[in-house]
Each structure stands twice: as structure tokens, then as C-alpha cells.
Amino acid sequence: MTEHVNVLIVGAGLSGIGAAHHIQKAFPQKSYAILEARDTIGGTWDLFRYPGIRSDSDMHTLGYRFRPWTEAKAIADGPSILAYVRDTATEAGIDKQIRFRHRVVRASWSSADARWTVTAERDGSAGSPVEFTCDFLLCCSGYYRYDKGFAPQFPGVERFAGPVVHPQFWPEELDYTGKRVVVIGSGATAVTLVPAMAETAAHVTMLQRSPTYVVAVPSRDPIANRLRRVLGARATYPIARWKNVLIGTVFYRLSRTRPELIKRAIRRGLVRALPAGYDIDTHFKPGYQPWDQRLCMAPDGDLFRAIRHGDASVVTDQIETFTADGIRLASGTELPADVVVSATGLNLLLFGGATLDVDGVAVDPANTLAYKGMMLSGVPNFAFTIGYTNASWTLKADLVSEYVCRLLARMDERGAAIATPINDDPVMETRPLMDFAAGYVQRSVHQLPKNGSRKPWQLGMSYAHDVVTLRHGRVDDGIMRFATGSQPQRLAAENRQAHERSDA
Ligand SMILES: Cc1cc2nc3c(=O)[nH]c(=O)nc-3n(C[C@H](O)[C@H](O)[C@H](O)COP(=O)(O)OP(=O)(O)OC[C@H]3O[C@@H](n4cnc5c(N)ncnc54)[C@H](O)[C@@H]3O)c2cc1C
């Protein structure tokens, strides 16, 4: 028999667990379930197990709004973040609502029934796919493929005698003690891995094609820790959270409006942290402006310390070919290696790879507009969580859940079974959803929903602004159309028109 719930959440990661918490608190009488493809809670924070795995944003903003982060370290290690997510789930009984090994592959909306039919494949089971129905579908499936990291085909890699590992699938048994390691990449993962591996490896080289901005930040937040001793955890948390939002926002705004000022400040930090005469221009001076791509954080300057001590080094060059015992670079330099780590990034994936259709018409997300960065034009009773690129993911995830709760409450008040954001402007100019130069975004931005030329058809990148619109703004804004279960024909026609317009 097909199980029906009021709200169906896809994914039991940081976002899915947070969403469940918001929904069960706001609507104790509503039923919900979480479908999770894997056999465990935690998503990213369980999947990634490479040495040193940690957040690169502070836990006062990466933590949930409703659950204070109480540990002394604000830049936290992966296992602590995983424990935080799991404790949130078990303490609130959310774990009992999760159906593990259920990979959602399709969701079909019927206006006549005012509900979604969601098909999930059961991993590790020979059984046929199972179907659920729900009134509202909330997709918290993260933003990248779990089964495959981004792995460029390196020339000659088959000749290399040692292991080549991808951080997304870290082999537990890999022993790199006393070995020469090359980490390919210059993003957050490489910047985390290099100092962590340098603790026991003979030497770690970070091999990058081009540099990234790397900034040393304290791993502990002295203000938050001092306040916590005086005010207690619950009173301190919102203060620390808003302090960090403010600092992050000012830093981001200045990066966009006065990039030279920020570049000078970053460089001053690098001069202080790196050995005298270090070639900063070659290795730490990117060709783009700060925040065109995500800035990398080095907690307590760990990367720079490893370089100072001679345990790690940075090489900026191109790979010509792998050899049996290392990598030959375009400059002719030979880089000896026993182990190579390919920290080359992620493959972006929308809605966990699930397809959507509305009244039998397939939804191509690229032909839709993103409503408030969390719903799709013409797609009823559906929301998704994608966090900020310039601030902690959870800041947005909490707001998406809060907005969904407000929308559900408004539907109840109006006696509406259906809520659909409809774009009435057939000639609205569209733009890519994200103006972000990171490789994983650029490789896939054409598959994502579009931004419109005006609000609310835009993905906001300002938490303060989203607090105003998502937490306090009107739900009945004229763009969100409500229909009762007895008005499905009208709504189906509106949806069809919206899709036809976007196809045109
Ligand atoms: C190494 C790494 C470090 C990061 N560090 C930070 C940081 O410091 N700060 C920050 O803000 N962000 C960071 N991020 C981004 C990070 O992904 C988010 O912070 C956050 O963990 C996302 O949570 P989520 O629940 O939305 O997605 P995920 O953690 O990806 O969880 C998604 C869940 O959905 C499940 N799922 C996916 N598809 C399906 C499907 N079809 N059916 C059923 N279940 C499905 C997955 O199995 C998974 O459990 C980092 C990302 C990575 C990869």
C-alpha cells in the first residue's frame, strides 16, 4: 500500500534533519517522513572522511538556529559536526521518521489529486521501487553527486605506481606515514588536506594550476567562548551568530565593492604568515577578485605553518604527465610522489538526480525560474534547499524551512491544498542562477533553474535580506497562487501555461 504523509523530505543530511525539526515543531499534527538514499544520517559530514575534514565556516552560523553550538572550537572537525546533526535527530525523535536506503528517483505531481507521488529505489534490496504520496515535497538532497567526485583524466595516470585517491572516497587503510604526497587542487579540500597529511607524511606538495585566496582564521571564537561563560550557551548563541553574520557580510561586501582593500589585507596576512621572501605572487595571488570564488580558510594558519616548517610546499604549474614515480610538470620539473590525492572537486547534482513532472509534463529545471531561491515557477507544493556560496549553508537552510512552515500555515488558513509560484511575465529577462566562478558551478550552471531580472525570482546571497523576505515577508505576494483541492483544473491550466511559456 502506498504510504501518504503531509510533508516528504528528501535527504537526511544537515538540511533534511533541520527541516524535519522545523516541521515537527510547527505542526505536531502533520505527518512527515524523510527518504534517505544512504543507510545513515549526516550526508556530507558522514561521506567525507579524509584527514583533517572540518568546516570552513564557523559553527555559530553552520549550526542550526534552534540548537546552540556549544563547543569551544568554532571551526569544527567533521566528526563533531556529524555528532551535532545526529544528536539533533535522535533527541527530537527525527531518526524514527527516516526511511534509509530509499533513493528518490522520480516525483510526479497531480493537480487532480493535489499531491505528489514519489518513487524511491531501495538500495541493496532486490525489491521493486516503492511509492509514497505527499502533500508537500521538500528536497534537501544537497548539491553534488555522491557516487562520483569530479575527476579529470590526467595524462599517463595509469603509469603511476602508487595510489591515486579522491577525497570523496578516502580509503581507510591508506597509510601515508613517511611518504611523499602530492595533493592536486587548490580549493577548500586541498587546503584542509595538506596541513593534516603533513603531520605524518615525509612531505606534502599542493599542486595547483592557479592560486586561491587563503586566509588564516582563529579556530576558536574568543568572544563567543567568553560570553558563553558569562551568559550561558543559549543566550550567547544568537549573539555569536549575528556577530559572525555581520563580519562575514561586511567582508563580502567590501570584497565586492573595494576588492583592492581586501586584497591588500589578505596579502598583509600572507606576508606575516609565510617565510620571508616567499613567492606570494605565484602561489597565493589569484587572477580573480576575492569572493568570485569561495575564499579558503586556514584555521590558526595551519597551512602556512606547515609551509614554514618545510613539511608542505605549494607548486603552481600544469601537469604534463604522470610518470611511474610522480608527476612531470609543464615547466619540466619532476614532482616525486608515493601517493597522489586528486582534490579536484565535486559534480553538481540537482534534486539528488530525481526527475520531476507536473500533470504528466516533465519539468526541466533549466526552463524554470527560482522563486526566492527555493521553489520553481509552475511547480506546486515543492521547495528545495540550496545554501549560500558566500556564507554558511545552514543560515539559508533554516530560512527555507521556516518559509515552508509559513507557507503551509498560510495554506491551512486559506483552506488551500495547492500553492504554486507563477511567473506572469512572459518576457522576463533571465540570468544564470549563480554568478560564481567555482568550477563545479560553471560546469553545471546551464542545468540549474534561472534567476529572473527582479525579485522574488532571484537567488539572494544576503542572509540579512533573506531574513526580511523569507522570515517576515508576505507569503501572499500575488505571485504565490493558492488553490483548493476543488480547483485543480484551473491550476493545472496555469501550470501548463507557465511551462509552455518557459519552453518557448
Ligand atoms: C567537504 C565539504 C565541506 C563543506 N564545508 C562547508 C562549510 O564549512 N560551510 C558550509 O556552509 N558548507 C560547507 N559545505 C557544503 C555542505 O554540503 C553543506 O554545509 C551541508 O552539509 C549540506 O547539507 P545538506 O543536508 O543540504 O546536503 P548533504 O550533506 O549533501 O546531504 C544530502 C543528503 O541527501 C541524500 N540524498 C541525495 N540524493 C538523494 C535522493 N535522490 N534520494 C534520497 N536521498 C538523497 C544524501 O544521501 C545525503 O544524506 C561543505 C561541503 C563539502 C563537500
# chains A, B, ... in the order shown; residues from 1 in each chain; ligands from 1
$ residues_around --residues "region 139-148 of chain A" --least-positions-apart "4" --cutoff "9 Å" --atoms "only C-alpha atoms" --output "ChimeraX atom specification"
/A:8-17,19,36,43-44,47,168-169,346-353,382-387,397,440
$ write_last_selection --atoms "C-alpha atoms" --output "PDB file, in the first residue's frame"
ATOM      1  CA  LEU A   8       8.029  14.335   2.483  1.00  0.00           C
ATOM      2  CA  ILE A   9      11.652  15.371   2.912  1.00  0.00           C
ATOM      3  CA  VAL A  10      14.384  14.027   0.626  1.00  0.00           C
ATOM      4  CA  GLY A  11      17.751  13.621   2.380  1.00  0.00           C
ATOM      5  CA  ALA A  12      18.844  13.159   5.997  1.00  0.00           C
ATOM      6  CA  GLY A  13      21.835  15.482   5.917  1.00  0.00           C
ATOM      7  CA  LEU A  14      22.262  18.754   7.796  1.00  0.00           C
ATOM      8  CA  SER A  15      19.382  20.334   5.837  1.00  0.00           C
ATOM      9  CA  GLY A  16      16.921  17.423   5.963  1.00  0.00           C
ATOM     10  CA  ILE A  17      17.301  16.950   9.717  1.00  0.00           C
ATOM     11  CA  ALA A  19      13.832  20.812   8.028  1.00  0.00           C
ATOM     12  CA  GLU A  36      17.420   8.919   2.607  1.00  0.00           C
ATOM     13  CA  GLY A  43      25.164  13.440   4.364  1.00  0.00           C
ATOM     14  CA  THR A  44      28.367  15.356   3.622  1.00  0.00           C
ATOM     15  CA  LEU A  47      30.563  10.786   3.442  1.00  0.00           C
ATOM     16  CA  GLN A 168      35.236  11.780  -1.538  1.00  0.00           C
ATOM     17  CA  PHE A 169      36.194   8.095  -1.230  1.00  0.00           C
ATOM     18  CA  LEU A 346      32.528  17.781  -6.978  1.00  0.00           C
ATOM     19  CA  ASN A 347      29.940  17.089  -9.666  1.00  0.00           C
ATOM     20  CA  LEU A 348      26.936  19.294  -9.096  1.00  0.00           C
ATOM     21  CA  LEU A 349      23.613  17.435  -8.986  1.00  0.00           C
ATOM     22  CA  LEU A 350      20.174  18.960  -8.561  1.00  0.00           C
ATOM     23  CA  PHE A 351      17.429  17.267  -6.531  1.00  0.00           C
ATOM     24  CA  GLY A 352      19.605  14.217  -5.912  1.00  0.00           C
ATOM     25  CA  GLY A 353      19.160  13.212  -9.561  1.00  0.00           C
ATOM     26  CA  PHE A 382       7.671  21.860  -3.895  1.00  0.00           C
ATOM     27  CA  ALA A 383      10.705  23.514  -2.281  1.00  0.00           C
ATOM     28  CA  PHE A 384      14.417  22.804  -2.240  1.00  0.00           C
ATOM     29  CA  THR A 385      17.339  23.784  -0.035  1.00  0.00           C
ATOM     30  CA  ILE A 386      20.477  25.208  -1.558  1.00  0.00           C
ATOM     31  CA  GLY A 387      22.684  27.171   0.801  1.00  0.00           C
ATOM     32  CA  ALA A 397      18.596  26.044   5.100  1.00  0.00           C
ATOM     33  CA  TYR A 440      31.630  22.882 -10.072  1.00  0.00           C
TER      34      TYR A 440
END
$ select_by_dssp --residues "region 179-378 of chain A" --states "helix (DSSP H, G or I)" --output "compact mmCIF listing (two decimals) with N, CA and C atoms, in the first residue's frame"
# COMPACT_ATOMS: atom_id res chain seq x y z
N ALA A 188 39.03 24.28 -0.96
CA ALA A 188 38.94 24.09 0.49
C ALA A 188 39.45 22.71 0.91
N THR A 189 39.18 21.69 0.08
CA THR A 189 39.61 20.34 0.45
C THR A 189 41.12 20.23 0.45
N ALA A 190 41.77 20.75 -0.60
CA ALA A 190 43.23 20.70 -0.66
C ALA A 190 43.84 21.47 0.51
N VAL A 191 43.27 22.64 0.80
CA VAL A 191 43.81 23.49 1.86
C VAL A 191 43.64 22.81 3.24
N THR A 192 42.63 21.95 3.36
CA THR A 192 42.44 21.19 4.60
C THR A 192 43.40 20.01 4.66
N LEU A 193 43.48 19.29 3.53
CA LEU A 193 44.27 18.05 3.49
C LEU A 193 45.76 18.28 3.70
N VAL A 194 46.30 19.33 3.09
CA VAL A 194 47.76 19.49 3.06
C VAL A 194 48.35 19.57 4.48
N PRO A 195 47.88 20.49 5.34
CA PRO A 195 48.48 20.51 6.68
C PRO A 195 48.18 19.25 7.49
N ALA A 196 46.99 18.66 7.29
CA ALA A 196 46.65 17.45 8.06
C ALA A 196 47.56 16.30 7.67
N MET A 197 47.79 16.11 6.38
CA MET A 197 48.65 14.99 5.95
C MET A 197 50.12 15.27 6.27
N ALA A 198 50.47 16.57 6.27
CA ALA A 198 51.87 16.94 6.52
C ALA A 198 52.31 16.56 7.94
N PRO A 222 37.04 33.71 20.49
CA PRO A 222 37.25 34.09 21.89
C PRO A 222 36.07 34.86 22.47
N ILE A 223 35.41 35.67 21.63
CA ILE A 223 34.28 36.45 22.15
C ILE A 223 33.14 35.51 22.53
N ALA A 224 32.83 34.58 21.62
CA ALA A 224 31.74 33.64 21.91
C ALA A 224 32.07 32.80 23.15
N ASN A 225 33.32 32.34 23.24
CA ASN A 225 33.68 31.47 24.37
C ASN A 225 33.61 32.23 25.70
N ARG A 226 34.03 33.51 25.68
CA ARG A 226 33.98 34.31 26.92
C ARG A 226 32.52 34.59 27.28
N LEU A 227 31.72 34.99 26.27
CA LEU A 227 30.29 35.29 26.53
C LEU A 227 29.57 34.06 27.08
N ARG A 228 29.92 32.88 26.55
CA ARG A 228 29.24 31.66 26.98
C ARG A 228 29.44 31.40 28.46
N ARG A 229 30.66 31.75 28.93
CA ARG A 229 30.94 31.54 30.36
C ARG A 229 30.07 32.45 31.22
N VAL A 230 29.77 33.66 30.70
CA VAL A 230 29.01 34.64 31.48
C VAL A 230 27.50 34.45 31.28
N LEU A 231 27.08 34.34 30.02
CA LEU A 231 25.64 34.36 29.73
C LEU A 231 25.02 32.97 29.57
N ALA A 233 25.06 29.14 27.21
CA ALA A 233 25.10 28.79 25.79
C ALA A 233 23.93 29.37 25.01
N ARG A 234 22.72 29.29 25.59
CA ARG A 234 21.53 29.67 24.83
C ARG A 234 21.50 31.17 24.53
N ALA A 235 21.90 31.99 25.52
CA ALA A 235 21.88 33.44 25.31
C ALA A 235 23.03 33.88 24.40
N THR A 236 24.14 33.16 24.48
CA THR A 236 25.31 33.57 23.69
C THR A 236 25.13 33.28 22.19
N TYR A 237 24.45 32.16 21.91
CA TYR A 237 24.42 31.66 20.53
C TYR A 237 23.92 32.70 19.51
N PRO A 238 22.74 33.32 19.73
CA PRO A 238 22.29 34.30 18.72
C PRO A 238 23.23 35.49 18.60
N ILE A 239 23.89 35.85 19.71
CA ILE A 239 24.82 36.99 19.65
C ILE A 239 26.01 36.61 18.77
N ALA A 240 26.58 35.43 19.06
CA ALA A 240 27.75 34.98 18.28
C ALA A 240 27.37 34.81 16.81
N ARG A 241 26.15 34.30 16.61
CA ARG A 241 25.68 34.04 15.24
C ARG A 241 25.59 35.36 14.46
N TRP A 242 24.93 36.35 15.06
CA TRP A 242 24.76 37.62 14.35
C TRP A 242 26.08 38.35 14.21
N LYS A 243 26.95 38.23 15.22
CA LYS A 243 28.29 38.85 15.11
C LYS A 243 28.99 38.29 13.86
N ASN A 244 28.95 36.96 13.71
CA ASN A 244 29.65 36.34 12.59
C ASN A 244 28.97 36.61 11.25
N VAL A 245 27.64 36.70 11.28
CA VAL A 245 26.93 37.07 10.05
C VAL A 245 27.38 38.47 9.63
N LEU A 246 27.46 39.36 10.61
CA LEU A 246 27.83 40.75 10.33
C LEU A 246 29.26 40.85 9.77
N ILE A 247 30.17 40.16 10.45
CA ILE A 247 31.57 40.20 10.00
C ILE A 247 31.67 39.63 8.58
N GLY A 248 30.99 38.49 8.36
CA GLY A 248 31.01 37.85 7.04
C GLY A 248 30.42 38.75 5.97
N THR A 249 29.30 39.42 6.32
CA THR A 249 28.63 40.29 5.35
C THR A 249 29.50 41.49 4.99
N VAL A 250 30.11 42.10 6.02
CA VAL A 250 30.96 43.28 5.76
C VAL A 250 32.15 42.86 4.89
N PHE A 251 32.75 41.72 5.24
CA PHE A 251 33.92 41.24 4.48
C PHE A 251 33.51 40.97 3.03
N TYR A 252 32.33 40.34 2.85
CA TYR A 252 31.88 40.02 1.49
C TYR A 252 31.59 41.31 0.70
N ARG A 253 30.88 42.24 1.35
CA ARG A 253 30.50 43.50 0.66
C ARG A 253 31.76 44.26 0.25
N LEU A 254 32.71 44.35 1.21
CA LEU A 254 33.96 45.06 0.88
C LEU A 254 34.72 44.35 -0.24
N SER A 255 34.66 43.01 -0.25
CA SER A 255 35.34 42.26 -1.31
C SER A 255 34.78 42.62 -2.67
N ARG A 256 33.44 42.87 -2.72
CA ARG A 256 32.80 43.18 -3.99
C ARG A 256 32.97 44.66 -4.36
N THR A 257 32.97 45.54 -3.33
CA THR A 257 32.98 46.97 -3.66
C THR A 257 34.39 47.57 -3.59
N PRO A 259 37.62 45.71 -3.70
CA PRO A 259 38.47 44.50 -3.72
C PRO A 259 39.93 44.78 -3.43
N GLU A 260 40.41 45.95 -3.84
CA GLU A 260 41.84 46.24 -3.63
C GLU A 260 42.17 46.29 -2.14
N LEU A 261 41.23 46.87 -1.37
CA LEU A 261 41.42 46.97 0.08
C LEU A 261 41.53 45.57 0.69
N ILE A 262 40.63 44.69 0.29
CA ILE A 262 40.63 43.33 0.84
C ILE A 262 41.87 42.57 0.36
N LYS A 263 42.23 42.77 -0.89
CA LYS A 263 43.41 42.06 -1.41
C LYS A 263 44.67 42.48 -0.63
N ARG A 264 44.74 43.79 -0.32
CA ARG A 264 45.91 44.27 0.46
C ARG A 264 45.91 43.64 1.85
N ALA A 265 44.72 43.56 2.47
CA ALA A 265 44.64 42.99 3.82
C ALA A 265 45.03 41.51 3.79
N ILE A 266 44.54 40.78 2.76
CA ILE A 266 44.88 39.35 2.67
C ILE A 266 46.39 39.20 2.49
N ARG A 267 46.95 40.06 1.66
CA ARG A 267 48.39 39.94 1.39
C ARG A 267 49.22 40.23 2.65
N ARG A 268 48.76 41.22 3.42
CA ARG A 268 49.49 41.52 4.67
C ARG A 268 49.51 40.29 5.58
N GLY A 269 48.38 39.59 5.64
CA GLY A 269 48.29 38.36 6.45
C GLY A 269 49.25 37.31 5.92
N LEU A 270 49.34 37.19 4.60
CA LEU A 270 50.22 36.18 4.00
C LEU A 270 51.69 36.50 4.27
N VAL A 271 52.04 37.78 4.17
CA VAL A 271 53.43 38.18 4.41
C VAL A 271 53.82 37.82 5.85
N ARG A 272 52.89 38.05 6.78
CA ARG A 272 53.17 37.73 8.19
C ARG A 272 53.30 36.22 8.41
N ALA A 273 52.47 35.45 7.69
CA ALA A 273 52.38 34.01 8.00
C ALA A 273 53.41 33.15 7.26
N ILE A 280 54.69 34.91 -2.94
CA ILE A 280 53.24 35.04 -2.77
C ILE A 280 52.55 35.25 -4.12
N ASP A 281 53.20 36.05 -5.00
CA ASP A 281 52.56 36.37 -6.28
C ASP A 281 52.25 35.11 -7.09
N THR A 282 53.16 34.15 -7.07
CA THR A 282 52.95 32.94 -7.86
C THR A 282 51.95 32.01 -7.19
N HIS A 283 52.02 31.86 -5.88
CA HIS A 283 51.26 30.78 -5.23
C HIS A 283 49.98 31.22 -4.50
N ASP A 302 47.08 26.95 9.79
CA ASP A 302 47.76 25.64 9.76
C ASP A 302 48.52 25.38 8.46
N LEU A 303 47.97 25.82 7.33
CA LEU A 303 48.65 25.59 6.05
C LEU A 303 49.99 26.34 6.02
N PHE A 304 49.95 27.58 6.48
CA PHE A 304 51.16 28.41 6.43
C PHE A 304 52.23 27.88 7.39
N ARG A 305 51.76 27.35 8.53
CA ARG A 305 52.70 26.78 9.50
C ARG A 305 53.41 25.57 8.88
N ALA A 306 52.65 24.73 8.18
CA ALA A 306 53.26 23.54 7.54
C ALA A 306 54.29 23.98 6.49
N ILE A 307 53.99 25.06 5.79
CA ILE A 307 54.94 25.56 4.78
C ILE A 307 56.19 26.11 5.49
N ARG A 308 55.96 26.87 6.55
CA ARG A 308 57.10 27.46 7.31
C ARG A 308 58.02 26.36 7.83
N LEU A 350 21.38 18.33 -9.10
CA LEU A 350 20.17 18.96 -8.56
C LEU A 350 19.17 17.89 -8.13
N PHE A 351 18.52 18.12 -7.04
CA PHE A 351 17.43 17.27 -6.53
C PHE A 351 17.86 15.79 -6.42
N GLY A 352 19.11 15.58 -6.10
CA GLY A 352 19.61 14.22 -5.91
C GLY A 352 19.41 13.34 -7.14
N GLY A 353 19.31 13.97 -8.31
CA GLY A 353 19.16 13.21 -9.56
C GLY A 353 17.72 12.80 -9.85
N PRO A 365 14.39 21.80 -15.01
CA PRO A 365 14.68 22.91 -14.10
C PRO A 365 15.27 24.12 -14.81
N ALA A 366 16.04 23.86 -15.89
CA ALA A 366 16.67 24.97 -16.61
C ALA A 366 15.63 25.87 -17.29
N ASN A 367 14.41 25.35 -17.46
CA ASN A 367 13.35 26.17 -18.05
C ASN A 367 12.44 26.79 -17.00
$ closest_residue --among "A:Asp56, A:Asp424, A:Asp46, A:Asp398" --to "ligand 1" --atoms "only C-alpha atoms and all ligand atoms"
A:Asp56
$ closest_residue --among "A:Tyr213, A:Phe160, A:Tyr371, A:Phe27" --to "Pro336 (chain A)" --atoms "only C-alpha atoms"
A:Phe160
$ residues_around --residues "Ser331 (chain A)" --least-positions-apart "3" --cutoff "9 Å" --atoms "only C-alpha atoms" --output "ChimeraX atom specification"
/A:317-320,328,334
$ write_last_selection --atoms "C-alpha atoms" --output "PDB file, in the first residue's frame"
ATOM      1  CA  ASP A 317      52.159  24.582 -12.635  1.00  0.00           C
ATOM      2  CA  GLN A 318      50.368  22.321 -15.146  1.00  0.00           C
ATOM      3  CA  ILE A 319      50.519  18.541 -15.222  1.00  0.00           C
ATOM      4  CA  GLU A 320      52.214  17.310 -18.385  1.00  0.00           C
ATOM      5  CA  ARG A 328      56.102  15.679 -14.722  1.00  0.00           C
ATOM      6  CA  GLU A 334      59.608  16.316 -11.879  1.00  0.00           C
TER       7      GLU A 334
END
$ atom_distance --atom1 "CA of Ser186 (chain A)" --atom2 "CA of Thr316 (chain A)"
9.6 Å
$ closest_residue --among "A:Leu448, A:Ala343, A:Arg294, A:Glu71" --to "Ala151 (chain A)" --atoms "only C-alpha atoms"
A:Ala343
$ closest_residue --among "A:Val104, A:Pro68, A:Arg49, A:Met59" --to "ligand 1" --atoms "only C-alpha atoms and all ligand atoms"
A:Val104
$ select_by_dssp --residues "region 10-114 of chain A" --states "strand (DSSP E or B)" --output "list in words"
Val10, Tyr32, Ala33, Ile34, Leu35, Arg54, Lys73, Asp77, Ile98, Arg99, His102, Arg103, Val104, Val105, Arg106, Ala107, Ser108, Trp109 and Ser110 of chain A
$ closest_residue --among "A:Ser453, A:Thr177, A:Thr40, A:Thr117" --to "Val85 (chain A)" --atoms "only C-alpha atoms"
A:Thr40
$ closest_residue --among "A:Thr344, A:Ser210, A:Thr205, A:Ser392" --to "ligand 1" --atoms "only C-alpha atoms and all ligand atoms"
A:Ser392
$ atom_distance --atom1 "CA of Ile479 (chain A)" --atom2 "CA of Arg406 (chain A)"
15.4 Å
$ atom_distance --atom1 "atom 53 (C, counted along the ligand's line) of ligand 1" --atom2 "CA of Tyr50 (chain A)"
11.0 Å
$ residues_around --residues "Asp364 (chain A)" --least-positions-apart "4" --cutoff "9 Å" --atoms "only C-alpha atoms" --output "list of chain:residue names"
A:Thr355, A:Leu356, A:Asp357, A:Thr368, A:Gln447, A:Leu448, A:Pro449, A:Asp503
$ residues_around --residues "Gln97 (chain A)" --least-positions-apart "6" --cutoff "8 Å" --atoms "only C-alpha atoms" --output "tab-separated table (two decimals) with N, CA and C atoms, in the first residue's frame"
chain	number	residue	atom	x	y	z
A	32	TYR	N	5.11	13.46	8.63
A	32	TYR	CA	6.21	13.66	7.68
A	32	TYR	C	7.11	12.43	7.70
A	33	ALA	N	7.90	12.31	6.64
A	33	ALA	CA	8.92	11.24	6.61
A	33	ALA	C	10.12	11.78	5.84
A	34	ILE	N	11.26	11.17	6.09
A	34	ILE	CA	12.47	11.53	5.34
A	34	ILE	C	12.88	10.29	4.54
$ residues_around --residues "Ile418 (chain A)" --least-positions-apart "6" --cutoff "8 Å" --atoms "only C-alpha atoms" --output "PyMOL selection string"
chain A and resi 114+380-381+411+481-485
